[in-house]
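**Student:** Quick one: this structure, given as structure tokens, is what I'll be asking you about.
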Amino acid sequence: MAVPMTADQLVKTLAAEGVRLVEHRSWRTHNRDHKGAWGPVHGVYIHHTAGVSQHMPDICYDGYDSLPGPVCHGMLAKSAKLYLVGHGRANHAGGIARNAYDAAVNEAPVHPRPESDEPIDGNVHFYGLEIENKGDGTDPFPADQYDQAVRWASAHCRFHGWTADSVIGHKEATRRKTDPAFSMTKFRADVAERLAHPASWSPSNPTEDDMALTPDDLKRIAHAVQSYTGTGKPHDIYWYQLDTNTLARQARDETRALTARFDRLERQPLTDDQIASIAAAVAKHPGLADTIADKLAARLAG
């Protein structure tokens with residue numbers, strides 16, 4: 001049992017967790033408190049929007065004729081921005097099963113299939129997050145968007161001292177719903193992982209490896225490499241590259257000279273000094289051994 005966060009506490013808590021906030025319209029005073037109680041709170045609800053639209057923040061703020069807004073507290077867009085659309089009671093949970101409610105309140109490690117009866121008003125006791133997604137099982141949740149959802153849930157749990165088992169999906173609270181379209185077991189495990197670290201913690205760049213470079217990015221990188229003239233400091237990559245190129249050219253020229261010498265060899269016995277010279281040259285360039293062997297074998301065969 002916990003008292004809901006104030007609007008200022010919510011903003012501070014989410015920001016500390018690294019949530020990318022957008023304060024949408026008059027969210028601080030936008031709620032359904034005139035229709036029923038708000039609090040005590042016991043956990044957080046995860047939903048998906050079942051649609052994708054640039055107008056989704058307004059949709060979640062305004063709601064519908066049959067379901068006035070706000071229909072959640074936070075709307076997480078595909079862009080991974082979190083729009084705060086309401087503070088207080090919101091029309092997001094509706095009726096929920098007693099066993100689902102008890103599992104969240106008791107932070108049970110197992111969340112059972114919800115019973116058919118729904119005697120609990122979930123709008124009183126749970127914060128709600130809507131994640132922008134078609135919910136058809138094929139629309140992906142971008143890694144950055146998913147990470148922000150984990151941060152949002154973790155922030156609420158961290159503030160109230162809850163474990164990850166206070167996080168439930170809408171589909172776990174009622175048989176009427178199928179959202180969100182991802183595993184809540186994995187989601188809770190990810191929340192638990194965050195809660196094991198400070199709020200400022202970030203996984204090792206979860207999306208950076210998947211970022212695609214645009215043609216403009218590649219052109220800018222190529223231009224920067226071509227234009228770079230180094231700093232003149234020891235270990236500078238520019239001067240290292242110049243030294244490497246110089247050594248490579250020297251090795252190439254020596255290799256060509258040695259190959260030419262072997263090409264000019266007549267069929268005549270080699271002196272000890274010539275053999276010693278050849279051995280020294282090969283020792284400097286081990287990669288020539290196969291080439292020399294092939295040429296000598298060809299001459300002997302001829």
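The chains in the structure tokens are called A, B, ... from first to last as shown; in each chain the residues are counted from 1, and the ligands are counted from 1 in the order shown.
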What residues in range 38-91 of chain A get the DSSP label alpha helix (DSSP H)? Please answer as number ranges by chain.

**Tutor:** A: 56-62

**Student:** What's the 10 Å shell around Gly39 in chain A, counting only C-alpha atoms, without same-chain residues fewer than 4 positions away, as a list of chain:residue names?

**Tutor:**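 Once the adjacent positions are removed, what remains is A:Met1, A:Ala2, A:Val3, A:Pro4, A:Met5, A:Gly88, A:Arg89, A:Gly122, A:Asn123, A:Val124, A:His125, A:Phe126, A:Tyr127.
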
**Student:** Keeping N, CA and C atoms for every residue in the selection just given, could you write it to a file as a compact mmCIF listing (two decimals), in the first residue's frame?

**Tutor:**
# COMPACT_ATOMS: atom_id res chain seq x y z
N MET A 1 0.85 -1.19 0.00
CA MET A 1 0.00 0.00 0.00
C MET A 1 0.88 1.24 0.00
N ALA A 2 0.60 2.16 -0.93
CA ALA A 2 1.45 3.35 -1.02
C ALA A 2 0.63 4.54 -1.50
N VAL A 3 1.06 5.71 -1.07
CA VAL A 3 0.43 6.95 -1.52
C VAL A 3 0.98 7.26 -2.92
N PRO A 4 0.14 7.63 -3.88
CA PRO A 4 0.64 7.94 -5.22
C PRO A 4 1.63 9.11 -5.20
N MET A 5 2.54 9.08 -6.13
CA MET A 5 3.49 10.17 -6.27
C MET A 5 2.79 11.47 -6.66
N GLY A 88 -3.22 11.11 -11.70
CA GLY A 88 -4.38 10.81 -10.87
C GLY A 88 -5.07 9.58 -11.44
N ARG A 89 -6.32 9.46 -11.17
CA ARG A 89 -7.07 8.31 -11.68
C ARG A 89 -7.15 8.38 -13.22
N GLY A 122 -9.18 -1.64 -10.99
CA GLY A 122 -7.74 -1.45 -11.18
C GLY A 122 -7.33 0.00 -11.34
N ASN A 123 -8.28 0.86 -11.74
CA ASN A 123 -7.93 2.27 -11.93
C ASN A 123 -7.59 2.96 -10.61
N VAL A 124 -8.02 2.37 -9.50
CA VAL A 124 -7.72 2.94 -8.18
C VAL A 124 -6.27 2.69 -7.81
N HIS A 125 -5.72 1.51 -8.19
CA HIS A 125 -4.52 1.00 -7.54
C HIS A 125 -3.27 0.89 -8.42
N PHE A 126 -3.37 1.19 -9.71
CA PHE A 126 -2.23 0.94 -10.58
C PHE A 126 -1.93 2.14 -11.48
N TYR A 127 -0.64 2.42 -11.61
CA TYR A 127 -0.18 3.33 -12.65
C TYR A 127 -0.27 2.60 -13.99

**Student:** Kindly indicate which residue among A:Leu67, A:Ala149, A:Ala173, A:Ala37 lies nearest to Arg98 in chain A, using only C-alpha atoms for the distances.

**Tutor:** A:Ala173

**Student:** Which polymer residues have any atom within 8 Å of an atom of Gly169 in chain A, counting only C-alpha atoms, with same-chain residues fewer than 3 positions away left out, as a PyMOL selection string?

**Tutor:** chain A and resi 45-47+172-173+179-180+184

**Student:** Distance CA of Thr13 in chain A-CA of Asp58 in chain A, one decimal place?

**Tutor:** 23.5 Å

**Student:** Kindly indicate which residue among A:Ala100, A:Ala199, A:Val167, A:Ile131 lies nearest to Pro119 in chain A, using only C-alpha atoms for the distances.

**Tutor:**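 The closest residue to Pro119 in chain A is A:Ala100.
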